[in-house]
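S.K.: Just start_16.csv, nothing more (CSV, C-alpha atoms and all ligand atoms):
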chain,number,residue,atom,x,y,z
A,1378,MET,CA,-33.5,-13.4,-2.1
A,1379,HIS,CA,-33.4,-14.2,1.6
A,1380,MET,CA,-33.7,-11.5,4.2
A,1381,LEU,CA,-30.7,-10.9,6.5
A,1382,HIS,CA,-32.3,-12.0,9.7
A,1383,SER,CA,-33.0,-15.4,8.4
A,1384,VAL,CA,-29.2,-16.1,8.0
A,1385,LEU,CA,-27.3,-15.1,11.1
A,1386,PRO,CA,-29.7,-12.9,13.1
A,1387,LYS,CA,-27.4,-12.1,16.0
A,1388,PRO,CA,-23.8,-12.0,14.9
A,1389,ASP,CA,-21.1,-11.0,17.3
A,1390,VAL,CA,-19.9,-8.4,14.9
A,1391,LEU,CA,-21.4,-6.7,11.8
A,1392,ILE,CA,-18.9,-5.1,9.4
A,1393,ALA,CA,-20.2,-2.5,6.9
A,1394,GLY,CA,-18.0,-2.4,3.9
A,1395,ALA,CA,-16.4,-5.3,2.0
A,1396,GLY,CA,-13.2,-3.7,0.9
A,1397,ILE,CA,-9.8,-5.1,1.8
A,1398,ILE,CA,-10.0,-3.6,5.3
A,1399,GLY,CA,-13.4,-4.9,6.1
A,1400,LEU,CA,-12.8,-8.4,4.7
A,1401,SER,CA,-9.3,-8.7,6.3
A,1402,LEU,CA,-10.8,-7.7,9.6
A,1403,ALA,CA,-13.7,-10.2,9.1
A,1404,LEU,CA,-11.2,-13.0,8.5
A,1405,GLU,CA,-9.2,-12.1,11.6
A,1406,LEU,CA,-12.3,-12.0,13.9
A,1407,ASP,CA,-13.6,-15.2,12.4
A,1408,ALA,CA,-10.2,-16.9,13.1
A,1409,ARG,CA,-10.6,-15.7,16.7
A,1410,GLY,CA,-14.0,-17.4,17.0
A,1411,ALA,CA,-16.4,-14.5,16.4
A,1412,LYS,CA,-19.6,-14.9,14.3
A,1413,VAL,CA,-19.1,-12.2,11.7
A,1414,VAL,CA,-21.5,-10.7,9.0
A,1415,VAL,CA,-20.2,-8.3,6.4
A,1416,LEU,CA,-22.5,-6.0,4.4
A,1417,GLU,CA,-21.5,-4.5,1.1
A,1418,ARG,CA,-23.8,-2.2,-0.8
A,1419,ASP,CA,-22.1,-3.0,-4.1
A,1420,THR,CA,-19.8,-6.0,-4.9
A,1421,ALA,CA,-17.0,-7.0,-2.6
A,1422,LEU,CA,-13.6,-5.4,-3.3
A,1423,ALA,CA,-14.9,-3.6,-6.4
A,1424,HIS,CA,-13.5,-0.2,-5.6
A,1425,ALA,CA,-10.2,1.1,-4.3
A,1426,SER,CA,-9.0,-2.3,-3.1
A,1427,SER,CA,-8.8,-3.9,-6.5
A,1428,ARG,CA,-7.8,-0.6,-8.3
A,1429,ALA,CA,-4.6,0.1,-6.3
A,1430,ALA,CA,-1.1,-0.3,-7.6
A,1431,GLY,CA,-0.1,-2.9,-5.0
A,1432,MET,CA,3.1,-1.4,-3.6
A,1433,LEU,CA,3.7,-2.4,0.0
A,1434,ALA,CA,5.3,1.0,0.2
A,1435,GLN,CA,6.3,1.2,3.8
A,1436,ASN,CA,8.9,3.8,2.7
A,1437,ASP,CA,6.9,5.9,0.3
A,1438,PRO,CA,7.9,9.5,1.0
A,1439,HIS,CA,4.2,10.5,0.9
A,1440,ASN,CA,3.6,8.5,4.1
A,1441,ARG,CA,3.2,10.4,7.3
A,1442,PRO,CA,5.8,9.3,9.9
A,1443,GLU,CA,3.0,8.3,12.3
A,1444,LEU,CA,2.3,5.3,10.0
A,1445,GLY,CA,5.7,3.9,10.7
A,1446,SER,CA,4.9,1.3,13.4
A,1447,LEU,CA,1.6,0.2,11.8
A,1448,SER,CA,3.3,-0.2,8.4
A,1449,ALA,CA,6.2,-2.2,10.0
A,1450,LEU,CA,3.7,-4.5,11.8
A,1451,SER,CA,1.8,-5.0,8.6
A,1452,ILE,CA,5.0,-6.0,6.7
A,1453,GLN,CA,5.8,-8.4,9.5
A,1454,LEU,CA,2.2,-9.9,9.3
A,1455,TYR,CA,2.0,-10.1,5.5
A,1456,PRO,CA,3.4,-13.6,5.1
A,1457,ASP,CA,0.9,-15.0,7.6
A,1458,PHE,CA,-1.9,-13.0,6.1
A,1459,LEU,CA,-1.2,-14.5,2.6
A,1460,ALA,CA,-0.7,-17.9,4.2
A,1461,ARG,CA,-4.2,-17.7,5.8
A,1462,ILE,CA,-5.7,-16.7,2.5
A,1463,LYS,CA,-4.0,-19.6,0.8
A,1464,LYS,CA,-5.0,-22.1,3.4
A,1465,LEU,CA,-8.7,-21.1,3.3
A,1466,GLY,CA,-9.2,-20.3,-0.3
A,1467,ASP,CA,-6.4,-22.3,-1.9
A,1468,ALA,CA,-5.2,-19.4,-4.0
A,1469,GLU,CA,-1.6,-18.2,-4.0
A,1470,VAL,CA,-1.0,-14.4,-4.1
A,1471,PRO,CA,2.4,-14.0,-5.8
A,1472,LEU,CA,4.7,-11.1,-5.1
A,1473,HIS,CA,5.7,-9.3,-8.4
A,1474,THR,CA,8.6,-7.2,-7.3
A,1475,THR,CA,11.0,-7.2,-4.3
A,1476,HIS,CA,12.7,-3.8,-4.7
A,1477,ALA,CA,11.9,-0.2,-5.5
A,1478,LEU,CA,14.1,2.4,-7.0
A,1479,GLN,CA,13.2,5.6,-5.3
A,1480,ALA,CA,14.2,9.0,-6.8
A,1481,LEU,CA,15.9,11.2,-4.3
A,1482,ASP,CA,14.5,14.5,-5.6
A,1483,ASP,CA,11.8,14.3,-3.0
A,1484,LYS,CA,13.0,16.2,0.1
A,1485,ARG,CA,11.1,13.8,2.4
A,1486,VAL,CA,13.4,10.9,1.4
A,1487,THR,CA,16.2,11.3,4.0
A,1488,SER,CA,17.5,7.9,4.9
A,1489,LEU,CA,18.4,6.4,1.5
A,1490,ASP,CA,21.9,6.4,0.1
A,1491,PRO,CA,22.2,7.3,-3.6
A,1492,LEU,CA,23.2,4.5,-5.9
A,1493,SER,CA,26.4,5.1,-7.9
A,1494,ALA,CA,25.9,5.5,-11.7
A,1495,GLU,CA,27.3,2.0,-12.2
A,1496,GLU,CA,24.9,0.4,-9.6
A,1497,LEU,CA,22.0,2.2,-11.3
A,1498,ARG,CA,23.0,0.9,-14.7
A,1499,GLY,CA,23.2,-2.6,-13.2
A,1500,HIS,CA,19.7,-2.4,-11.8
A,1501,ALA,CA,17.9,-0.4,-14.5
A,1502,PRO,CA,20.0,0.2,-17.6
A,1503,PHE,CA,17.0,1.6,-19.3
A,1504,LEU,CA,16.4,4.4,-16.7
A,1505,ALA,CA,17.0,7.9,-17.9
A,1506,PRO,CA,17.8,9.6,-14.6
A,1507,GLY,CA,19.0,13.0,-16.0
A,1508,ASP,CA,20.2,14.8,-12.9
A,1509,LEU,CA,18.2,12.5,-10.6
A,1510,GLN,CA,19.7,10.3,-8.0
A,1511,PHE,CA,18.0,7.0,-6.9
A,1512,GLY,CA,18.2,4.9,-3.8
A,1513,ARG,CA,17.2,1.2,-3.8
A,1514,LEU,CA,14.8,-0.2,-1.2
A,1515,LEU,CA,13.7,-3.7,-0.2
A,1516,GLU,CA,10.0,-3.2,-0.7
A,1517,HIS,CA,7.6,-5.7,-2.3
A,1518,SER,CA,4.6,-5.3,-4.6
A,1519,LEU,CA,1.7,-7.5,-5.5
A,1520,ASP,CA,-1.2,-7.3,-7.9
A,1521,PRO,CA,-4.3,-6.2,-5.8
A,1522,ARG,CA,-6.6,-7.9,-8.3
A,1523,GLU,CA,-4.9,-11.2,-7.5
A,1524,LEU,CA,-5.0,-10.4,-3.8
A,1525,CYS,CA,-8.7,-9.5,-3.9
A,1526,ALA,CA,-9.7,-12.6,-5.9
A,1527,ALA,CA,-7.8,-14.8,-3.4
A,1528,LEU,CA,-9.2,-12.9,-0.4
A,1529,LEU,CA,-12.7,-13.3,-1.6
A,1530,LEU,CA,-12.2,-17.1,-2.0
A,1531,ALA,CA,-10.8,-17.2,1.5
A,1532,VAL,CA,-13.8,-15.3,2.9
A,1533,ARG,CA,-16.3,-17.5,1.2
A,1534,ALA,CA,-14.5,-20.6,2.6
A,1535,SER,CA,-14.4,-19.1,6.1
A,1536,GLY,CA,-17.3,-18.8,8.6
A,1537,VAL,CA,-17.8,-15.1,7.6
A,1538,VAL,CA,-21.2,-14.4,6.1
A,1539,LEU,CA,-21.0,-11.8,3.3
A,1540,HIS,CA,-24.0,-10.0,1.9
A,1541,GLU,CA,-23.3,-8.1,-1.2
A,1542,GLY,CA,-25.9,-5.7,-2.7
A,1543,THR,CA,-27.0,-4.8,0.8
A,1544,THR,CA,-26.8,-1.2,2.0
A,1545,PHE,CA,-26.2,-0.2,5.6
A,1546,GLU,CA,-28.9,2.4,6.5
A,1547,SER,CA,-28.8,3.1,10.2
A,1548,VAL,CA,-27.8,1.8,13.6
A,1549,ALA,CA,-29.3,2.2,17.0
A,1550,GLU,CA,-28.7,0.7,20.4
A,1551,ARG,CA,-31.1,-1.9,21.6
A,1552,GLU,CA,-32.6,-1.8,25.0
A,1553,ALA,CA,-32.0,-5.5,25.3
A,1554,GLY,CA,-28.2,-4.9,24.6
A,1555,GLY,CA,-26.3,-4.8,21.4
A,1556,LEU,CA,-27.4,-2.9,18.3
A,1557,CYS,CA,-30.2,-2.8,15.8
A,1558,VAL,CA,-28.9,-2.2,12.3
A,1559,LYS,CA,-31.2,-1.4,9.5
A,1560,THR,CA,-30.2,-2.4,6.0
A,1561,SER,CA,-31.8,-2.4,2.5
A,1562,ARG,CA,-32.6,-6.1,3.1
A,1563,GLY,CA,-34.0,-6.1,6.6
A,1564,ASP,CA,-32.8,-5.6,10.2
A,1565,ILE,CA,-30.0,-7.4,12.0
A,1566,SER,CA,-29.0,-7.4,15.6
A,1567,PRO,CA,-25.2,-7.6,16.1
A,1568,GLY,CA,-23.4,-7.3,19.4
A,1569,LYS,CA,-20.9,-4.8,17.8
A,1570,MET,CA,-20.5,-3.0,14.5
A,1571,ILE,CA,-17.4,-1.8,12.6
A,1572,HIS,CA,-17.6,0.8,9.8
A,1573,THR,CA,-15.1,0.0,7.0
A,1574,GLN,CA,-16.8,1.7,4.1
A,1575,GLY,CA,-13.6,3.6,2.9
A,1576,PRO,CA,-14.5,6.9,1.3
A,1577,TRP,CA,-18.2,6.0,1.8
A,1578,ALA,CA,-17.7,6.0,5.6
A,1579,GLY,CA,-18.7,9.7,5.7
A,1580,ALA,CA,-16.9,12.7,7.1
A,1581,PRO,CA,-14.0,13.1,7.8
A,1582,VAL,CA,-13.2,10.4,5.3
A,1583,ARG,CA,-13.5,11.7,1.7
A,1584,PRO,CA,-12.6,10.3,-1.7
A,1585,VAL,CA,-9.3,11.2,-3.3
A,1586,LYS,CA,-9.3,10.1,-6.9
A,1587,GLY,CA,-6.4,8.4,-8.5
A,1588,GLN,CA,-6.2,7.7,-12.2
A,1589,MET,CA,-3.9,5.0,-13.5
A,1590,LEU,CA,-3.1,3.1,-16.6
A,1591,LEU,CA,-1.7,-0.3,-17.5
A,1592,VAL,CA,0.7,-0.4,-20.3
A,1593,LYS,CA,2.4,-3.2,-22.2
A,1594,LEU,CA,6.2,-2.9,-21.7
A,1595,PRO,CA,8.3,-3.1,-24.9
A,1596,PRO,CA,11.1,-5.7,-25.1
A,1597,SER,CA,13.6,-2.8,-24.6
A,1598,LEU,CA,12.1,-2.3,-21.1
A,1599,PRO,CA,12.3,-5.5,-19.1
A,1600,LEU,CA,11.4,-3.8,-15.8
A,1601,ARG,CA,11.6,-6.0,-12.7
A,1602,GLU,CA,11.6,-3.3,-9.9
A,1603,VAL,CA,9.2,-0.5,-9.0
A,1604,VAL,CA,10.4,2.9,-10.1
A,1605,ARG,CA,9.1,5.8,-8.0
A,1606,GLY,CA,9.7,9.6,-8.5
A,1607,ALA,CA,7.9,12.7,-7.2
A,1608,GLY,CA,4.3,12.3,-8.1
A,1609,ILE,CA,4.7,9.1,-10.3
A,1610,TYR,CA,5.3,5.4,-9.9
A,1611,ILE,CA,5.7,2.6,-12.3
A,1612,VAL,CA,4.9,-0.9,-11.0
A,1613,PRO,CA,5.7,-3.9,-13.2
A,1614,ARG,CA,3.8,-7.1,-13.2
A,1615,THR,CA,6.2,-10.0,-13.6
A,1616,SER,CA,3.9,-13.1,-13.6
A,1617,GLY,CA,0.4,-14.1,-14.4
A,1618,GLU,CA,-1.9,-12.7,-17.1
A,1619,ARG,CA,-0.4,-9.1,-16.7
A,1620,ALA,CA,3.2,-10.2,-16.9
A,1621,GLY,CA,5.2,-7.9,-19.1
A,1622,CYS,CA,2.9,-5.0,-18.3
A,1623,ALA,CA,3.3,-2.1,-15.8
A,1624,VAL,CA,0.9,0.1,-13.9
A,1625,ILE,CA,1.6,3.8,-14.1
A,1626,GLY,CA,0.0,6.0,-11.4
A,1627,ALA,CA,-1.4,8.1,-10.1
A,1628,SER,CA,-3.2,11.4,-10.1
A,1629,VAL,CA,-4.4,12.9,-6.8
A,1630,GLU,CA,-7.7,14.6,-7.3
A,1631,HIS,CA,-10.4,16.0,-5.0
A,1632,ALA,CA,-13.3,15.2,-7.4
A,1633,GLY,CA,-16.0,13.7,-5.2
A,1634,PHE,CA,-17.2,10.2,-6.1
A,1635,ASP,CA,-16.3,10.6,-9.8
A,1636,GLU,CA,-14.5,7.4,-11.1
A,1637,GLN,CA,-14.1,8.6,-14.7
A,1638,THR,CA,-10.8,8.7,-16.5
A,1639,ASN,CA,-9.7,11.3,-19.0
A,1640,ALA,CA,-7.1,11.4,-21.8
A,1641,ALA,CA,-5.4,14.5,-20.5
A,1642,THR,CA,-4.5,12.9,-17.2
A,1643,GLU,CA,-3.4,9.7,-18.9
A,1644,ALA,CA,-1.1,11.8,-21.1
A,1645,SER,CA,0.3,13.7,-18.1
A,1646,LEU,CA,1.0,10.4,-16.2
A,1647,ARG,CA,2.8,9.0,-19.3
A,1648,ALA,CA,4.8,12.2,-19.7
A,1649,ARG,CA,6.0,12.0,-16.1
A,1650,ALA,CA,6.8,8.3,-16.3
A,1651,ALA,CA,8.8,9.0,-19.5
A,1652,LEU,CA,11.1,11.4,-17.7
A,1653,LEU,CA,12.3,8.3,-15.8
A,1654,LEU,CA,11.7,5.5,-18.4
A,1655,PRO,CA,11.6,7.2,-21.9
A,1656,ALA,CA,10.1,4.2,-23.6
A,1657,LEU,CA,6.9,4.8,-21.7
A,1658,GLY,CA,6.3,8.2,-23.4
A,1659,ASP,CA,5.3,6.6,-26.7
A,1660,ALA,CA,1.9,4.9,-26.8
A,1661,ALA,CA,3.0,3.0,-30.0
A,1662,THR,CA,6.0,1.5,-28.1
A,1663,ALA,CA,4.2,0.9,-24.8
A,1664,PRO,CA,0.5,0.7,-25.7
A,1665,THR,CA,-2.2,1.4,-23.1
A,1666,ILE,CA,-4.0,-1.8,-22.1
A,1667,SER,CA,-6.5,-0.1,-19.8
A,1668,THR,CA,-7.1,3.0,-17.7
A,1669,TRP,CA,-9.1,3.3,-14.5
A,1670,ALA,CA,-9.6,5.5,-11.5
A,1671,GLY,CA,-9.9,4.5,-7.8
A,1672,LEU,CA,-11.2,6.5,-4.9
A,1673,ARG,CA,-8.7,6.5,-2.0
A,1674,PRO,CA,-10.3,7.0,1.4
A,1675,GLY,CA,-8.5,10.3,2.4
A,1676,THR,CA,-8.7,12.1,5.7
A,1677,PRO,CA,-7.6,15.7,6.6
A,1678,ASP,CA,-4.3,14.5,8.0
A,1679,ASP,CA,-3.8,11.5,5.6
A,1680,LEU,CA,-3.9,9.1,8.6
A,1681,PRO,CA,-6.6,6.4,9.1
A,1682,LEU,CA,-9.3,6.4,11.7
A,1683,LEU,CA,-8.9,3.3,13.9
A,1684,GLY,CA,-10.7,2.7,17.1
A,1685,SER,CA,-14.0,3.0,18.9
A,1686,LEU,CA,-16.6,5.6,18.1
A,1687,ALA,CA,-18.4,7.6,20.8
A,1688,ALA,CA,-21.5,5.5,20.2
A,1689,GLU,CA,-21.5,2.4,22.3
A,1690,HIS,CA,-20.4,-0.9,20.6
A,1691,GLN,CA,-19.4,0.9,17.4
A,1692,PHE,CA,-15.9,1.1,15.8
A,1693,ILE,CA,-14.3,2.4,12.7
A,1694,ALA,CA,-11.4,1.3,10.5
A,1695,ALA,CA,-11.3,3.6,7.5
A,1696,GLY,CA,-9.3,6.4,5.8
A,1697,HIS,CA,-6.2,4.3,4.8
A,1698,TYR,CA,-5.7,6.8,2.0
A,1699,ARG,CA,-2.7,5.6,-0.2
A,1700,ASN,CA,-1.9,2.5,1.9
A,1701,GLY,CA,-5.0,0.2,2.3
A,1702,ILE,CA,-3.2,-2.8,0.7
A,1703,LEU,CA,-0.1,-2.3,2.9
A,1704,LEU,CA,-2.0,-1.7,6.1
A,1705,ALA,CA,-4.8,-4.4,5.9
A,1706,PRO,CA,-3.1,-7.1,7.9
A,1707,ALA,CA,-2.0,-4.8,10.8
A,1708,THR,CA,-5.4,-3.1,10.8
A,1709,ALA,CA,-7.1,-6.4,11.1
A,1710,ARG,CA,-4.8,-7.4,14.0
A,1711,VAL,CA,-5.1,-4.2,16.0
A,1712,MET,CA,-8.8,-3.6,15.3
A,1713,ALA,CA,-9.7,-7.2,16.3
A,1714,ASP,CA,-7.9,-6.4,19.6
A,1715,VAL,CA,-9.9,-3.2,20.1
A,1716,VAL,CA,-13.2,-4.9,19.2
A,1717,GLU,CA,-12.4,-7.6,21.7
A,1718,GLY,CA,-11.6,-5.0,24.4
A,1719,LYS,CA,-7.9,-5.8,24.5
A,1720,SER,CA,-5.0,-3.3,24.2
A,1721,PRO,CA,-3.5,-3.5,20.8
A,1722,GLU,CA,0.3,-4.0,20.6
A,1723,LEU,CA,0.9,-0.5,19.3
A,1724,SER,CA,-0.5,2.9,20.2
A,1725,LEU,CA,-3.4,4.0,18.0
A,1726,GLN,CA,-3.4,7.5,19.5
A,1727,ALA,CA,-2.5,9.1,16.1
A,1728,PHE,CA,-5.4,7.4,14.5
A,1729,ALA,CA,-8.1,8.3,17.1
A,1730,PRO,CA,-11.4,8.6,15.3
A,1731,ALA,CA,-12.4,11.6,17.4
A,1732,ARG,CA,-9.4,13.7,16.6
A,1733,PHE,CA,-11.2,16.0,14.2
A,1734,SER,CA,-14.2,16.6,16.3
B,1,LIG,N1,-0.7,3.9,-3.1
B,1,LIG,C1,-0.4,4.9,-4.2
B,1,LIG,C2,-1.5,5.8,-4.5
B,1,LIG,O1,-2.4,6.0,-3.7
B,1,LIG,O2,-1.5,6.3,-5.6
Would you kindly transcribe this structure into structure tokens?
Ligand code: GLY
M.R.:
Amino acid sequence: MHMLHSVLPKPDVLIAGAGIIGLSLALELDARGAKVVVLERDTALAHASSRAAGMLAQNDPHNRPELGSLSALSIQLYPDFLARIKKLGDAEVPLHTTHALQALDDKRVTSLDPLSAEELRGHAPFLAPGDLQFGRLLEHSLDPRELCAALLLAVRASGVVLHEGTTFESVAEREAGGLCVKTSRGDISPGKMIHTQGPWAGAPVRPVKGQMLLVKLPPSLPLREVVRGAGIYIVPRTSGERAGCAVIGASVEHAGFDEQTNAATEASLRARAALLLPALGDAATAPTISTWAGLRPGTPDDLPLLGSLAAEHQFIAAGHYRNGILLAPATARVMADVVEGKSPELSLQAFAPARFS
């Protein structure tokens, strides 16, 4: 195993954390001509990034309104983001759904007209809405596992140097300028450093566990749109090896760095899903293919930390909570601007890293 300093001893930028935020930002900086090294203590994209449901849920009622312009920018950038990934790594990332049916029982949903009973039957005849009303949104989803596989191919084909199994230990300013970063595999001297370790970035970012399951949809439930109600979502996969399956999620648990699943939570997710789509209540009809948990990078106000840190030459992009997949392209764009000393195209005031200090 080579030591770090033998590869690219003085990169322009060192990024700690190879989740979707770190790697998207690495690709953006590489495209702008920077020499970039990414450190990952584990395996790239192994945690929240590949465990998410994949809704590009710009209109999720859980989202704080302050996320509006960053989400809108990301949706605008997504086609170019996927095109860059395809061009570099030659892997297509398909969209699985184009619309979401959003239950209107959540008081935070204000700008959505209810579908008539006839419209609802047209879109989802198998839905059992009871007294619930639904609105229909143009909102895409993708499979984060497909996105992560393609993103990794793109990174490997780019000029970015990725070191997996390499833990960031400490950083100090160098008298000669720039930084000295200590890692588990030697020192490296970047000009700048960006912290993108998600829940491992340290306070105020903290893990918020979400348990999920993948079920096989029965022939009676040919779901082609996301269905979302209070505290539950069902996201069908419509192509590839998981075609005909759907992700059901997700719990919201403050359980530290625990990534275990349990049968009680699986049963409660199924029960909630079955209130909307009754066929999902029966494990014989819609068998469980797999269960897993991801650790969302939460913050006290559910908004990310984006910007420079008090320490010279250091930056953070972390705490994307429920929306890392959605917000990766916009985060890459605005943070590359910040790192280059330019004003980003939208205000990052709500995401100021120092707002909790
Ligand atoms: N993005 C949905 C969730 O965090 O469960």
S.K.: Can you work out which one of A:Pro1681, A:Leu1704, A:Leu1591, A:Tyr1455 has the shortest atom-to-atom distance to Ile1666 in chain A, counting only C-alpha atoms?
M.R.: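 Selected residue with least distance to Ile1666 in chain A: A:Leu1591.
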S.K.: At a cut-off of 12 Å, using only C-alpha atoms, what residues contact Ser1734 in chain A? Leave out same-chain residues fewer than 3 positions from it and give the result as a VMD selection string.
M.R.: chain A and resid 1580 to 1581 1677 1686 to 1687 1729 to 1731
S.K.: Find the residues near ligand LIG 1 (chain B). Use a cut-off of 8 Å, count all atoms listed in the file, and write them as a list in words.
M.R.: Ala1429, Ala1430, Gly1431, Met1432, Ala1434, Gly1587, Gly1626, Ala1627, Ser1628, Val1629, Arg1673, Tyr1698, Arg1699, Asn1700 and Gly1701 of chain A
S.K.: From the options A:Lys1387, A:His1476, A:Arg1551, A:His1540, which residue's atoms come nearest to Gly1512 in chain A, counting all atoms listed in the file?
M.R.: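 That would be A:His1476, the residue with the smallest distance to Gly1512 in chain A.
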S.K.: Using all atoms listed in the file, which of the listed residues (A:Met1712, A:Leu1478, A:Ile1693, A:Glu1443) sits closest to Gln1574 in chain A?
M.R.: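 For Gln1574 in chain A, the nearest of the candidates is A:Ile1693.
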S.K.: Given only C-alpha atoms, how would the per-residue table for range 1668-1721 of chain A near range 1618-1625 of chain A read, listing every residue at most 12 Å away with its closest atom pair and distance in Å to one decimal, sorted by chain and number, as a Markdown table?
M.R.:
| residue | atom | partner | partner_atom | distance |
| --- | --- | --- | --- | --- |
| A:Thr1668 | CA | A:Val1624 | CA | 9.3 |
| A:Trp1669 | CA | A:Val1624 | CA | 10.5 |
| A:Ala1670 | CA | A:Ile1625 | CA | 11.6 |
S.K.: Mind writing the picked residues with C-alpha atoms as a short mmCIF file (atom, residue, chain, number, x, y, z; two decimals), in the frame of the given file?
M.R.:
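That gives us again13.cif:
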data_model
loop_
_atom_site.label_atom_id
_atom_site.label_comp_id
_atom_site.auth_asym_id
_atom_site.auth_seq_id
_atom_site.Cartn_x
_atom_site.Cartn_y
_atom_site.Cartn_z
CA THR A 1668 -7.10 3.00 -17.70
CA TRP A 1669 -9.10 3.30 -14.50
CA ALA A 1670 -9.60 5.50 -11.50
#
S.K.: Of the residues A:Ser1667, A:Ile1702, A:Arg1614, A:Asp1508, which is the one nearest to Ser1427 in chain A, using all atoms listed in the file?
M.R.: A:Ile1702
S.K.: Report as a ChimeraX atom specification all protein, DNA and RNA residues lying within 12 Å of range 1459-1473 of chain A, evaluated on only C-alpha atoms, omitting residues in the same chain fewer than 3 positions from it.
M.R.: /A:1400-1401,1404-1405,1407-1408,1430-1433,1451-1456,1476-1477,1516-1537,1600-1603,1612-1617,1619-1624,1705-1706
S.K.: Of the candidates A:Ile1397, A:Leu1539, A:Ala1501, A:Ile1571, which shows the shortest atom-to-atom distance to Ser1685 in chain A, using all atoms listed in the file?
M.R.: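 Nearest to Ser1685 in chain A: A:Ile1571.
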S.K.: Please compute the CA of Gln1691 in chain A-CA of Thr1420 in chain A distance, one decimal, in Å.
M.R.: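 Spanning CA of Gln1691 in chain A to CA of Thr1420 in chain A is a straight-line distance of 23.3 Å.
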S.K.: For Ala1656 in chain A, which of A:Leu1489, A:Leu1703, A:Ala1505, A:Val1548 is the closest residue, counting all atoms listed in the file?
M.R.: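 For Ala1656 in chain A, the nearest of the given residues is A:Ala1505.
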S.K.: I'd like the neighbourhood of Ala1727 in chain A as a list in words, where a residue qualifies if any of its atoms comes within 10 Å (using all atoms listed in the file), though same-chain residues fewer than 4 positions away should be ignored.
M.R.: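 Here the answer would be Glu1443, Leu1444, Asp1678, Leu1680, Pro1681, Leu1682, Leu1683 and Arg1732 of chain A.
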S.K.: Would you kindly place N, CA, C and O atoms on range 1531-1542 of chain A and return the model as a PDB file, in the frame of the given file?
M.R.:
ATOM      1  N   ALA A1531     -11.082 -16.876   0.120  1.00  0.00           N
ATOM      2  CA  ALA A1531     -10.800 -17.200   1.500  1.00  0.00           C
ATOM      3  C   ALA A1531     -12.027 -16.848   2.397  1.00  0.00           C
ATOM      4  O   ALA A1531     -12.449 -17.636   3.258  1.00  0.00           O
ATOM      5  N   VAL A1532     -12.603 -15.680   2.153  1.00  0.00           N
ATOM      6  CA  VAL A1532     -13.800 -15.300   2.900  1.00  0.00           C
ATOM      7  C   VAL A1532     -14.923 -16.236   2.714  1.00  0.00           C
ATOM      8  O   VAL A1532     -15.591 -16.665   3.665  1.00  0.00           O
ATOM      9  N   ARG A1533     -15.134 -16.613   1.466  1.00  0.00           N
ATOM     10  CA  ARG A1533     -16.300 -17.500   1.200  1.00  0.00           C
ATOM     11  C   ARG A1533     -16.022 -18.908   1.787  1.00  0.00           C
ATOM     12  O   ARG A1533     -16.983 -19.613   2.091  1.00  0.00           O
ATOM     13  N   ALA A1534     -14.760 -19.283   1.976  1.00  0.00           N
ATOM     14  CA  ALA A1534     -14.500 -20.600   2.600  1.00  0.00           C
ATOM     15  C   ALA A1534     -14.453 -20.522   4.115  1.00  0.00           C
ATOM     16  O   ALA A1534     -14.371 -21.550   4.779  1.00  0.00           O
ATOM     17  N   SER A1535     -14.513 -19.314   4.656  1.00  0.00           N
ATOM     18  CA  SER A1535     -14.400 -19.100   6.100  1.00  0.00           C
ATOM     19  C   SER A1535     -15.870 -19.121   6.689  1.00  0.00           C
ATOM     20  O   SER A1535     -16.846 -19.299   5.963  1.00  0.00           O
ATOM     21  N   GLY A1536     -15.963 -18.852   7.975  1.00  0.00           N
ATOM     22  CA  GLY A1536     -17.300 -18.800   8.600  1.00  0.00           C
ATOM     23  C   GLY A1536     -17.945 -17.408   8.419  1.00  0.00           C
ATOM     24  O   GLY A1536     -19.085 -17.193   8.861  1.00  0.00           O
ATOM     25  N   VAL A1537     -17.260 -16.474   7.766  1.00  0.00           N
ATOM     26  CA  VAL A1537     -17.800 -15.100   7.600  1.00  0.00           C
ATOM     27  C   VAL A1537     -19.007 -15.179   6.626  1.00  0.00           C
ATOM     28  O   VAL A1537     -18.952 -15.845   5.591  1.00  0.00           O
ATOM     29  N   VAL A1538     -20.079 -14.483   6.976  1.00  0.00           N
ATOM     30  CA  VAL A1538     -21.200 -14.400   6.100  1.00  0.00           C
ATOM     31  C   VAL A1538     -21.190 -13.038   5.385  1.00  0.00           C
ATOM     32  O   VAL A1538     -21.187 -11.991   6.038  1.00  0.00           O
ATOM     33  N   LEU A1539     -21.094 -13.074   4.052  1.00  0.00           N
ATOM     34  CA  LEU A1539     -21.000 -11.800   3.300  1.00  0.00           C
ATOM     35  C   LEU A1539     -22.255 -11.592   2.496  1.00  0.00           C
ATOM     36  O   LEU A1539     -22.705 -12.455   1.749  1.00  0.00           O
ATOM     37  N   HIS A1540     -22.843 -10.413   2.694  1.00  0.00           N
ATOM     38  CA  HIS A1540     -24.000 -10.000   1.900  1.00  0.00           C
ATOM     39  C   HIS A1540     -23.685  -8.872   1.018  1.00  0.00           C
ATOM     40  O   HIS A1540     -23.525  -7.736   1.472  1.00  0.00           O
ATOM     41  N   GLU A1541     -23.571  -9.162  -0.277  1.00  0.00           N
ATOM     42  CA  GLU A1541     -23.300  -8.100  -1.200  1.00  0.00           C
ATOM     43  C   GLU A1541     -24.691  -7.499  -1.651  1.00  0.00           C
ATOM     44  O   GLU A1541     -25.745  -8.079  -1.350  1.00  0.00           O
ATOM     45  N   GLY A1542     -24.665  -6.343  -2.285  1.00  0.00           N
ATOM     46  CA  GLY A1542     -25.900  -5.700  -2.700  1.00  0.00           C
ATOM     47  C   GLY A1542     -26.809  -5.349  -1.519  1.00  0.00           C
ATOM     48  O   GLY A1542     -28.030  -5.344  -1.641  1.00  0.00           O
TER      49      GLY A1542
END
